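Undergrad: Sharing run.pdb, PDB, C-alpha atoms:
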ATOM      1  CA  MET A   1      14.100 177.090 277.823
ATOM      2  CA  SER A   2      16.553 174.748 276.127
ATOM      3  CA  PRO A   3      17.934 175.986 272.816
ATOM      4  CA  PRO A   4      16.675 174.393 269.612
ATOM      5  CA  GLY A   5      19.110 173.108 267.062
ATOM      6  CA  LYS A   6      20.640 170.078 265.431
ATOM      7  CA  ALA A   7      22.475 167.061 266.782
ATOM      8  CA  VAL A   8      24.891 164.706 265.049
ATOM      9  CA  VAL A   9      23.830 161.054 264.977
ATOM     10  CA  LEU A  10      25.945 158.106 263.870
ATOM     11  CA  ASP A  11      23.502 155.394 262.828
ATOM     12  CA  ALA A  12      26.329 152.953 262.060
ATOM     13  CA  PRO A  13      30.056 153.132 261.273
ATOM     14  CA  GLY A  14      30.661 155.562 258.423
ATOM     15  CA  THR A  15      27.134 156.975 258.482
ATOM     16  CA  SER A  16      26.311 160.365 259.993
ATOM     17  CA  ARG A  17      23.292 162.647 259.781
ATOM     18  CA  LEU A  18      21.868 165.747 261.429
ATOM     19  CA  VAL A  19      18.614 165.468 263.340
ATOM     20  CA  GLU A  20      16.395 167.903 265.207
ATOM     21  CA  HIS A  21      17.608 167.928 268.790
ATOM     22  CA  VAL A  22      15.056 167.099 271.456
ATOM     23  CA  PRO A  23      16.479 167.954 274.906
ATOM     24  CA  ARG A  24      15.999 165.299 277.560
ATOM     25  CA  ARG A  25      14.629 166.618 280.839
ATOM     26  CA  PRO A  26      16.880 165.730 283.762
ATOM     27  CA  GLY A  27      15.635 162.888 285.922
ATOM     28  CA  PRO A  28      16.417 162.324 289.598
ATOM     29  CA  GLY A  29      20.036 163.175 290.330
ATOM     30  CA  GLU A  30      20.670 164.461 286.801
ATOM     31  CA  ALA A  31      21.592 167.814 285.288
ATOM     32  CA  GLN A  32      20.964 169.315 281.878
ATOM     33  CA  VAL A  33      23.843 171.269 280.330
ATOM     34  CA  ARG A  34      23.723 173.785 277.501
ATOM     35  CA  VAL A  35      26.738 172.715 275.456
ATOM     36  CA  HIS A  36      29.251 175.429 274.617
ATOM     37  CA  ALA A  37      31.624 173.292 272.539
ATOM     38  CA  ALA A  38      32.525 169.669 271.899
ATOM     39  CA  GLY A  39      35.993 168.518 270.914
ATOM     40  CA  MET A  40      36.861 166.086 268.141
ATOM     41  CA  CYS A  41      39.662 163.561 268.636
ATOM     42  CA  GLY A  42      41.014 160.276 267.320
ATOM     43  CA  SER A  43      38.594 158.272 269.452
ATOM     44  CA  ASP A  44      35.701 159.970 267.676
ATOM     45  CA  ARG A  45      37.242 158.988 264.353
ATOM     46  CA  ASP A  46      37.585 155.381 265.563
ATOM     47  CA  LEU A  47      33.910 155.490 266.550
ATOM     48  CA  TYR A  48      32.953 156.887 263.134
ATOM     49  CA  LEU A  49      34.971 154.221 261.279
ATOM     50  CA  GLY A  50      33.758 151.350 263.459
ATOM     51  CA  ARG A  51      37.250 150.706 264.826
ATOM     52  CA  ARG A  52      36.323 151.061 268.463
ATOM     53  CA  PRO A  53      36.165 147.568 269.980
ATOM     54  CA  ALA A  54      33.084 146.209 271.719
ATOM     55  CA  PRO A  55      31.763 147.018 274.233
ATOM     56  CA  TYR A  56      33.187 150.515 273.809
ATOM     57  CA  ALA A  57      30.677 151.694 271.198
ATOM     58  CA  ARG A  58      26.914 151.531 270.720
ATOM     59  CA  TYR A  59      24.992 152.739 267.670
ATOM     60  CA  PRO A  60      22.940 154.793 266.901
ATOM     61  CA  LEU A  61      24.632 157.477 268.932
ATOM     62  CA  THR A  62      25.342 161.186 269.250
ATOM     63  CA  PRO A  63      29.136 161.433 269.707
ATOM     64  CA  GLY A  64      31.025 163.970 271.787
ATOM     65  CA  HIS A  65      32.943 163.043 274.942
ATOM     66  CA  GLU A  66      35.049 166.229 275.208
ATOM     67  CA  TRP A  67      32.854 169.184 276.094
ATOM     68  CA  SER A  68      32.102 172.204 278.229
ATOM     69  CA  GLY A  69      28.903 174.038 278.999
ATOM     70  CA  THR A  70      26.565 175.657 281.496
ATOM     71  CA  VAL A  71      23.990 173.908 283.674
ATOM     72  CA  THR A  72      20.451 174.967 282.773
ATOM     73  CA  ALA A  73      18.312 172.603 284.859
ATOM     74  CA  VAL A  74      18.593 169.853 287.456
ATOM     75  CA  GLY A  75      16.397 166.948 288.445
ATOM     76  CA  GLU A  76      15.107 165.973 291.838
ATOM     77  CA  GLY A  77      17.907 165.402 294.330
ATOM     78  CA  ALA A  78      20.573 167.211 292.301
ATOM     79  CA  PRO A  79      21.978 170.426 293.819
ATOM     80  CA  ALA A  80      20.036 173.469 292.631
ATOM     81  CA  SER A  81      23.232 175.485 293.138
ATOM     82  CA  LEU A  82      24.546 173.931 289.923
ATOM     83  CA  ILE A  83      22.119 175.941 287.790
ATOM     84  CA  GLY A  84      24.031 178.647 285.951
ATOM     85  CA  ARG A  85      27.450 177.165 286.732
ATOM     86  CA  LYS A  86      30.070 176.551 284.065
ATOM     87  CA  VAL A  87      30.986 172.875 284.058
ATOM     88  CA  VAL A  88      32.785 170.004 282.441
ATOM     89  CA  GLY A  89      31.880 166.382 283.051
ATOM     90  CA  GLU A  90      33.432 162.975 283.473
ATOM     91  CA  GLY A  91      32.793 160.653 280.566
ATOM     92  CA  LEU A  92      32.625 157.358 282.435
ATOM     93  CA  TRP A  93      29.269 156.788 284.107
ATOM     94  CA  ASN A  94      30.362 155.331 287.428
ATOM     95  CA  CYS A  95      27.829 154.016 289.924
ATOM     96  CA  ALA A  96      29.500 155.706 292.946
ATOM     97  CA  THR A  97      28.539 152.772 295.195
ATOM     98  CA  CYS A  98      30.621 149.704 294.245
ATOM     99  CA  ALA A  99      33.867 148.847 296.033
ATOM    100  CA  ARG A 100      36.038 150.248 293.263
ATOM    101  CA  CYS A 101      34.143 153.546 293.156
ATOM    102  CA  ARG A 102      34.340 153.880 296.936
ATOM    103  CA  ALA A 103      38.093 153.332 296.688
ATOM    104  CA  GLY A 104      38.310 156.246 294.246
ATOM    105  CA  GLU A 105      38.813 154.019 291.197
ATOM    106  CA  THR A 106      35.720 155.258 289.397
ATOM    107  CA  ASP A 107      37.279 154.307 286.052
ATOM    108  CA  LEU A 108      37.082 150.661 287.196
ATOM    109  CA  CYS A 109      33.422 150.764 288.225
ATOM    110  CA  THR A 110      32.084 147.218 288.386
ATOM    111  CA  ALA A 111      28.628 148.275 287.153
ATOM    112  CA  GLY A 112      29.912 147.977 283.585
ATOM    113  CA  TYR A 113      31.193 150.311 280.911
ATOM    114  CA  GLU A 114      29.068 153.303 279.959
ATOM    115  CA  GLU A 115      30.588 156.500 278.574
ATOM    116  CA  THR A 116      29.215 159.767 277.248
ATOM    117  CA  GLY A 117      29.690 159.980 273.502
ATOM    118  CA  PHE A 118      30.381 156.262 273.026
ATOM    119  CA  THR A 119      27.532 154.334 274.601
ATOM    120  CA  ARG A 120      25.509 157.284 275.953
ATOM    121  CA  PRO A 121      24.409 160.400 274.033
ATOM    122  CA  GLY A 122      27.264 162.852 273.677
ATOM    123  CA  ALA A 123      27.780 166.585 273.374
ATOM    124  CA  MET A 124      27.598 167.165 269.603
ATOM    125  CA  ALA A 125      24.169 168.596 270.270
ATOM    126  CA  PRO A 126      22.756 171.745 271.894
ATOM    127  CA  THR A 127      22.182 170.064 275.262
ATOM    128  CA  LEU A 128      23.488 167.114 277.214
ATOM    129  CA  THR A 129      21.794 165.402 280.153
ATOM    130  CA  LEU A 130      23.854 163.288 282.550
ATOM    131  CA  PRO A 131      24.231 162.415 286.250
ATOM    132  CA  ALA A 132      25.041 165.560 288.222
ATOM    133  CA  ARG A 133      27.655 163.642 290.220
ATOM    134  CA  LEU A 134      29.829 163.524 287.089
ATOM    135  CA  LEU A 135      30.063 167.317 286.818
ATOM    136  CA  HIS A 136      33.047 169.438 287.837
ATOM    137  CA  THR A 137      32.356 173.127 288.316
ATOM    138  CA  LEU A 138      34.626 175.812 286.907
ATOM    139  CA  PRO A 139      35.340 179.380 288.055
ATOM    140  CA  PRO A 140      32.819 181.993 286.847
ATOM    141  CA  ASP A 141      35.442 183.557 284.563
ATOM    142  CA  ALA A 142      36.541 180.249 283.020
ATOM    143  CA  ASP A 143      36.984 180.191 279.244
ATOM    144  CA  LEU A 144      34.537 177.518 278.099
ATOM    145  CA  THR A 145      36.240 177.168 274.731
ATOM    146  CA  ALA A 146      39.482 176.185 276.452
ATOM    147  CA  ALA A 147      37.619 174.048 279.002
ATOM    148  CA  ALA A 148      36.177 171.872 276.231
ATOM    149  CA  LEU A 149      39.580 170.137 276.163
ATOM    150  CA  LEU A 150      39.658 169.207 279.840
ATOM    151  CA  GLU A 151      38.708 165.602 279.026
ATOM    152  CA  PRO A 152      42.101 164.798 277.448
ATOM    153  CA  ALA A 153      43.713 166.841 280.227
ATOM    154  CA  ALA A 154      42.010 164.602 282.793
ATOM    155  CA  ARG A 155      43.281 161.502 280.978
ATOM    156  CA  ALA A 156      46.756 163.031 281.005
ATOM    157  CA  ALA A 157      46.410 163.625 284.734
ATOM    158  CA  ALA A 158      45.385 159.975 285.199
ATOM    159  CA  ALA A 159      48.536 158.822 283.382
ATOM    160  CA  VAL A 160      50.778 161.149 285.389
ATOM    161  CA  LEU A 161      49.222 160.078 288.687
ATOM    162  CA  LYS A 162      49.668 156.423 287.689
ATOM    163  CA  ALA A 163      53.301 157.106 286.753
ATOM    164  CA  GLY A 164      54.235 158.657 290.093
ATOM    165  CA  PRO A 165      57.172 160.675 288.692
ATOM    166  CA  LEU A 166      60.013 161.675 290.995
ATOM    167  CA  PRO A 167      61.790 165.045 290.902
ATOM    168  CA  GLY A 168      64.891 164.954 288.742
ATOM    169  CA  ALA A 169      63.771 161.986 286.632
ATOM    170  CA  ARG A 170      64.469 161.677 282.922
ATOM    171  CA  VAL A 171      61.013 161.490 281.358
ATOM    172  CA  ALA A 172      59.757 160.932 277.804
ATOM    173  CA  VAL A 173      56.239 161.360 276.451
ATOM    174  CA  ILE A 174      55.362 159.572 273.214
ATOM    175  CA  GLY A 175      52.895 161.632 271.239
ATOM    176  CA  ALA A 176      52.604 165.341 270.472
ATOM    177  CA  GLY A 177      48.817 165.454 270.285
ATOM    178  CA  ALA A 178      46.605 166.965 272.966
ATOM    179  CA  LEU A 179      47.050 164.036 275.357
ATOM    180  CA  GLY A 180      50.836 164.046 274.996
ATOM    181  CA  LEU A 181      51.171 167.811 275.365
ATOM    182  CA  PHE A 182      48.918 167.936 278.425
ATOM    183  CA  THR A 183      50.914 165.075 279.890
ATOM    184  CA  ALA A 184      54.122 167.037 279.357
ATOM    185  CA  GLN A 185      52.619 170.164 280.896
ATOM    186  CA  LEU A 186      51.494 168.287 284.002
ATOM    187  CA  LEU A 187      54.818 166.443 284.323
ATOM    188  CA  GLY A 188      56.574 169.799 284.490
ATOM    189  CA  ALA A 189      55.193 170.266 288.003
ATOM    190  CA  PHE A 190      57.439 167.375 289.149
ATOM    191  CA  SER A 191      60.660 169.127 288.047
ATOM    192  CA  PRO A 192      62.092 166.427 285.748
ATOM    193  CA  SER A 193      65.737 166.852 284.774
ATOM    194  CA  GLU A 194      64.740 166.109 281.184
ATOM    195  CA  LEU A 195      61.308 166.097 279.577
ATOM    196  CA  THR A 196      61.377 164.849 276.000
ATOM    197  CA  VAL A 197      58.335 164.755 273.736
ATOM    198  CA  VAL A 198      58.562 162.249 270.890
ATOM    199  CA  GLY A 199      56.522 163.008 267.775
ATOM    200  CA  THR A 200      56.222 161.776 264.225
ATOM    201  CA  GLY A 201      57.421 164.938 262.513
ATOM    202  CA  PRO A 202      59.061 168.304 263.221
ATOM    203  CA  GLY A 203      55.866 170.334 262.976
ATOM    204  CA  ARG A 204      55.016 170.109 266.680
ATOM    205  CA  ALA A 205      58.430 171.063 268.105
ATOM    206  CA  ALA A 206      57.567 174.672 268.945
ATOM    207  CA  LEU A 207      54.260 173.647 270.531
ATOM    208  CA  ALA A 208      55.990 170.983 272.641
ATOM    209  CA  ASP A 209      58.436 173.632 273.833
ATOM    210  CA  ARG A 210      55.575 175.894 274.928
ATOM    211  CA  PHE A 211      54.040 172.978 276.838
ATOM    212  CA  GLY A 212      57.211 172.467 278.863
ATOM    213  CA  ALA A 213      59.320 169.991 276.890
ATOM    214  CA  THR A 214      63.082 170.407 277.257
ATOM    215  CA  ALA A 215      63.628 168.464 274.031
ATOM    216  CA  TYR A 216      61.630 167.311 271.029
ATOM    217  CA  ARG A 217      62.602 164.230 269.021
ATOM    218  CA  THR A 218      61.173 162.290 266.111
ATOM    219  CA  TRP A 219      61.447 158.560 265.475
ATOM    220  CA  ASP A 220      63.615 159.104 262.410
ATOM    221  CA  ARG A 221      66.177 160.945 264.563
ATOM    222  CA  PRO A 222      66.340 158.821 267.716
ATOM    223  CA  SER A 223      69.553 160.304 269.128
ATOM    224  CA  GLY A 224      69.296 160.448 272.923
ATOM    225  CA  LEU A 225      66.130 158.338 273.123
ATOM    226  CA  VAL A 226      67.554 155.877 275.650
ATOM    227  CA  ASP A 227      67.746 155.265 279.388
ATOM    228  CA  PHE A 228      64.670 157.182 280.504
ATOM    229  CA  ASP A 229      63.390 156.586 284.025
ATOM    230  CA  LEU A 230      59.789 157.002 282.900
ATOM    231  CA  VAL A 231      58.011 156.830 279.551
ATOM    232  CA  ILE A 232      54.333 157.660 279.062
ATOM    233  CA  ASP A 233      52.791 156.437 275.804
ATOM    234  CA  ALA A 234      50.163 159.027 274.947
ATOM    235  CA  VAL A 235      49.385 157.554 271.513
ATOM    236  CA  GLY A 236      48.007 154.070 272.166
ATOM    237  CA  ALA A 237      48.871 152.759 268.705
ATOM    238  CA  ALA A 238      49.747 149.130 268.056
ATOM    239  CA  SER A 239      53.444 149.911 267.595
ATOM    240  CA  THR A 240      54.150 152.476 270.285
ATOM    241  CA  ALA A 241      54.061 150.199 273.352
ATOM    242  CA  ARG A 242      56.950 148.114 272.062
ATOM    243  CA  ALA A 243      58.852 151.203 270.946
ATOM    244  CA  ALA A 244      58.362 152.767 274.360
ATOM    245  CA  THR A 245      60.090 149.889 276.155
ATOM    246  CA  SER A 246      63.230 150.493 274.084
ATOM    247  CA  LEU A 247      63.459 154.008 275.525
ATOM    248  CA  LEU A 248      63.566 152.867 279.147
ATOM    249  CA  ARG A 249      66.557 152.161 281.339
ATOM    250  CA  PRO A 250      66.603 148.795 283.131
ATOM    251  CA  GLY A 251      64.145 149.073 286.002
ATOM    252  CA  GLY A 252      62.287 151.946 284.321
ATOM    253  CA  ARG A 253      58.546 152.489 284.245
ATOM    254  CA  LEU A 254      56.138 152.628 281.325
ATOM    255  CA  VAL A 255      52.571 153.929 281.438
ATOM    256  CA  LEU A 256      50.294 152.994 278.523
ATOM    257  CA  THR A 257      47.165 154.931 277.610
ATOM    258  CA  GLY A 258      44.391 154.331 275.106
ATOM    259  CA  ILE A 259      43.227 151.114 273.462
ATOM    260  CA  PRO A 260      45.592 149.909 270.695
ATOM    261  CA  VAL A 261      43.347 148.903 267.818
ATOM    262  CA  HIS A 262      45.192 145.695 266.932
ATOM    263  CA  GLY A 263      47.013 145.042 270.195
ATOM    264  CA  ALA A 264      50.602 145.802 271.141
ATOM    265  CA  ALA A 265      52.390 143.500 268.708
ATOM    266  CA  GLY A 266      55.879 142.446 269.713
ATOM    267  CA  LEU A 267      55.632 143.377 273.382
ATOM    268  CA  ASP A 268      57.783 140.545 274.775
ATOM    269  CA  PRO A 269      57.049 139.539 278.410
ATOM    270  CA  ALA A 270      60.441 137.848 278.708
ATOM    271  CA  ARG A 271      62.201 141.089 277.781
ATOM    272  CA  LEU A 272      60.075 143.018 280.260
ATOM    273  CA  VAL A 273      61.009 140.632 283.061
ATOM    274  CA  ALA A 274      64.696 140.449 282.156
ATOM    275  CA  ARG A 275      64.958 144.244 282.219
ATOM    276  CA  GLN A 276      62.645 144.483 285.266
ATOM    277  CA  LEU A 277      60.409 147.067 283.658
ATOM    278  CA  SER A 278      57.245 148.210 285.437
ATOM    279  CA  ILE A 279      54.109 148.832 283.399
ATOM    280  CA  GLY A 280      51.078 150.846 284.415
ATOM    281  CA  THR A 281      47.979 151.580 282.372
ATOM    282  CA  ALA A 282      45.409 154.351 282.233
ATOM    283  CA  LEU A 283      42.082 154.106 280.398
ATOM    284  CA  GLY A 284      39.856 157.133 280.815
ATOM    285  CA  ALA A 285      40.188 159.085 284.034
ATOM    286  CA  PRO A 286      38.932 158.517 287.590
ATOM    287  CA  SER A 287      37.272 161.344 289.484
ATOM    288  CA  GLY A 288      40.512 162.263 291.250
ATOM    289  CA  ALA A 289      42.305 162.819 287.937
ATOM    290  CA  TRP A 290      39.458 165.039 286.763
ATOM    291  CA  SER A 291      39.731 167.076 289.948
ATOM    292  CA  SER A 292      43.489 167.451 289.423
ATOM    293  CA  ALA A 293      43.029 168.610 285.827
ATOM    294  CA  VAL A 294      40.283 171.087 286.738
ATOM    295  CA  ARG A 295      42.408 172.546 289.556
ATOM    296  CA  ALA A 296      45.410 172.891 287.253
ATOM    297  CA  PHE A 297      43.239 174.577 284.610
ATOM    298  CA  SER A 298      41.635 176.910 287.139
ATOM    299  CA  ALA A 299      45.119 177.904 288.347
ATOM    300  CA  ALA A 300      46.227 178.585 284.733
ATOM    301  CA  ARG A 301      48.723 175.683 284.856
ATOM    302  CA  LEU A 302      47.077 174.095 281.803
ATOM    303  CA  THR A 303      46.715 176.057 278.570
ATOM    304  CA  PRO A 304      44.247 174.137 276.351
ATOM    305  CA  LEU A 305      43.295 177.102 274.168
ATOM    306  CA  GLU A 306      46.680 176.917 272.414
ATOM    307  CA  LEU A 307      45.618 173.603 270.890
ATOM    308  CA  VAL A 308      42.351 174.841 269.337
ATOM    309  CA  THR A 309      42.794 175.652 265.647
ATOM    310  CA  HIS A 310      39.270 175.248 264.254
ATOM    311  CA  GLN A 311      35.759 175.947 265.531
ATOM    312  CA  LEU A 312      32.934 174.693 263.325
ATOM    313  CA  GLY A 313      29.196 174.210 263.619
ATOM    314  CA  VAL A 314      27.784 170.729 264.209
ATOM    315  CA  ASP A 315      26.503 170.811 260.641
ATOM    316  CA  GLU A 316      30.167 170.588 259.580
ATOM    317  CA  PHE A 317      30.780 167.286 261.355
ATOM    318  CA  GLU A 318      32.114 165.587 258.220
ATOM    319  CA  ARG A 319      34.571 168.428 257.587
ATOM    320  CA  ALA A 320      35.691 168.280 261.218
ATOM    321  CA  MET A 321      36.249 164.542 260.850
ATOM    322  CA  ALA A 322      38.333 165.094 257.702
ATOM    323  CA  LEU A 323      40.432 167.773 259.414
ATOM    324  CA  THR A 324      41.065 165.510 262.391
ATOM    325  CA  ALA A 325      42.174 162.652 260.146
ATOM    326  CA  GLY A 326      44.179 164.705 257.652
ATOM    327  CA  GLY A 327      47.550 164.542 259.389
ATOM    328  CA  ASP A 328      48.243 168.248 258.798
ATOM    329  CA  PRO A 329      50.497 169.426 261.678
ATOM    330  CA  ARG A 330      48.808 172.839 261.451
ATOM    331  CA  VAL A 331      45.512 171.271 262.537
ATOM    332  CA  GLY A 332      45.224 171.000 266.277
ATOM    333  CA  ARG A 333      42.008 170.364 268.133
ATOM    334  CA  VAL A 334      38.770 170.902 266.201
ATOM    335  CA  LEU A 335      35.752 172.050 268.190
ATOM    336  CA  LEU A 336      32.120 171.745 267.144
ATOM    337  CA  ARG A 337      29.709 174.431 268.344
ATOM    338  CA  PRO A 338      25.970 173.685 268.544
TER     339      PRO A 338
END
What do you get writing this file as structure tokens?

TA:
Amino acid sequence: MSPPGKAVVLDAPGTSRLVEHVPRRPGPGEAQVRVHAAGMCGSDRDLYLGRRPAPYARYPLTPGHEWSGTVTAVGEGAPASLIGRKVVGEGLWNCATCARCRAGETDLCTAGYEETGFTRPGAMAPTLTLPARLLHTLPPDADLTAAALLEPAARAAAAVLKAGPLPGARVAVIGAGALGLFTAQLLGAFSPSELTVVGTGPGRAALADRFGATAYRTWDRPSGLVDFDLVIDAVGAASTARAATSLLRPGGRLVLTGIPVHGAAGLDPARLVARQLSIGTALGAPSGAWSSAVRAFSAARLTPLELVTHQLGVDEFERAMALTAGGDPRVGRVLLRP
């Protein structure tokens, strides 16, 4: 029997409430998951404040796109072997049949944008029902609290795969949040000669070191922030894309992630061409990136639990939102437990 409890609902930007959760029975090809934990990140804050551009949000909505849990039931046509398995799940609802999906580019599905926690009900609730094809199973001894952060790890894997780093490269990652730190940890497998994490303040230096950075720099002390072969922008703010190009050597490569709220002001195409810079982008994560992240986690090559600093109940959604937005370097990832 599905557990009772409360779910968070955003009726409109800036408006949240708790409602009695009514589990949705899985239909054909679907699975129902008992949620263990749901992560809170900047995208959830953008959703709450109404800053997420159309069509990337739909209200009313239960948020929660970072999550882990255990399968409790499956619908007709879904594998019964999933019942009882620990899982995480892809956020983007791909169709699995269009040309892009068949090419492995499930994040470019031509059926249109649908994503758990943004346009489909998310995991800030006791249960979550979604297509079984989106699930990735975990080892029986997997730590579900740590696994709740595999969504940003999958996005980091997507950025790294898009970047195609070469051994011995000088690499910089902009951003010392979860996405940036996971990106650094995954880049370490490619043996860069230098792996610099660029943050906004000194408070994340020790954490960056534990995630594999060989150096940590802040924008107010830019010494050495030049001539990188590869830069991955793991912030997605309006200003960071332009700043990232200044870190690259001529002929270098930049990978942008996220959706800058007001666009990348000052990103000059003429300068990009004159310096022959290559630009790649990563929005969300295709199935292959999820598989890479899950394998790395299962092999203990990713250490998400280090980033978790708070675990709250769903009834403390507003407090979790305030913690996420507070800018305190001591606050890492906040998890909500149903």

Undergrad: Using only C-alpha atoms, find each residue in segment 133-194 of chain A having at least one atom no more than 12 Å away from segment 97-115 of chain A; report its shortest atom-to-atom pair and that distance in Å (one decimal), rows by chain then rising number, as CSV.

TA:
residue,atom,partner,partner_atom,distance
A:Arg133,CA,A:Thr106,CA,11.7
A:Leu134,CA,A:Thr106,CA,10.4
A:Ala154,CA,A:Asp107,CA,11.8
A:Arg155,CA,A:Asp107,CA,10.7
A:Ala158,CA,A:Asp107,CA,9.9
A:Lys162,CA,A:Glu105,CA,11.7

Undergrad: Measuring between only C-alpha atoms, which one of A:Ala234, A:Ala38, A:Leu186, A:Leu207 shows the shortest distance to Glu66 of chain A?

TA: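 Closest residue, counting only C-alpha atoms: A:Ala38.
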
Undergrad: Can you work out which one of A:Gln32, A:Ser223, A:Thr218, A:Thr116 has the shortest atom-to-atom distance to Ala205 of chain A, counting only C-alpha atoms?

TA: A:Thr218

Undergrad: How close does each residue of segment 180-220 of chain A get to segment 326-333 of chain A, giving the shortest atom pair and distance in Å to one decimal for every residue with an atom at most 10 Å away, counting all atoms listed in the file, sorted by chain and residue number, as a tab-separated table?

TA:
residue	atom	partner	partner_atom	distance
A:Thr200	CA	A:Pro329	CA	9.9
A:Gly201	CA	A:Pro329	CA	8.3
A:Pro202	CA	A:Pro329	CA	8.8
A:Gly203	CA	A:Pro329	CA	5.6
A:Arg204	CA	A:Pro329	CA	6.8

Undergrad: Please write the residues from the selection above to a file, keeping C-alpha atoms, as a PDB file, keeping the file's coordinate frame.

TA:
ATOM      1  CA  THR A 200      56.222 161.776 264.225  1.00  0.00           C
ATOM      2  CA  GLY A 201      57.421 164.938 262.513  1.00  0.00           C
ATOM      3  CA  PRO A 202      59.061 168.304 263.221  1.00  0.00           C
ATOM      4  CA  GLY A 203      55.866 170.334 262.976  1.00  0.00           C
ATOM      5  CA  ARG A 204      55.016 170.109 266.680  1.00  0.00           C
TER       6      ARG A 204
END

Undergrad: What is the distance, in Å and to one decimal place, between atom CA of Leu61 of chain A and atom CA of Val294 of chain A?

TA: 27.3 Å

Undergrad: Pull out every residue that the PyMOL selection byres ((chain A and resi 297-301) around 12) matches in the shown coordinates and put them as number ranges by chain.

TA: A: 86-88, 136-144, 146-151, 153-154, 157, 182-189, 211-212, 290-296, 302-305

Undergrad: Specify as number ranges by chain each residue included when the PyMOL selection byres ((chain A and resi 13-25) around 7) is applied to this file.

TA: A: 2, 4-12, 26-27, 32, 47-50, 125, 127, 129, 315

Undergrad: Give me, please, the distance in Å between atom CA of Arg45 of chain A and atom CA of Met321 of chain A, quoted to one decimal.

TA: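 Taking atom CA of Arg45 of chain A and atom CA of Met321 of chain A, their separation equals 6.6 Å.
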
Undergrad: Choose the residue, out of A:Arg253, A:His65, A:His36, A:Arg170, that has the smallest atom-to-atom separation from Glu194 of chain A; count all atoms listed in the file.

TA: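 Closest to Glu194 of chain A, using all atoms listed in the file: A:Arg170.
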
Undergrad: To test your reading of the syntax: which residues would the PyMOL selection byres ((chain A and resi 63) around 6) return for the file shown? Reply as a PyMOL selection string.

TA: chain A and resi 62+64+117+122+124

Undergrad: Give me the box for segment 322-335 of chain A as AutoDock Vina command-line options, namely the centre and edge lengths in Å to one decimal of a box along x, y and z that holds every listed atom plus 8 Å on each side.

TA:
--center_x 43.1 --center_y 167.7 --center_z 262.9 --size_x 30.7 --size_y 26.2 --size_z 26.5
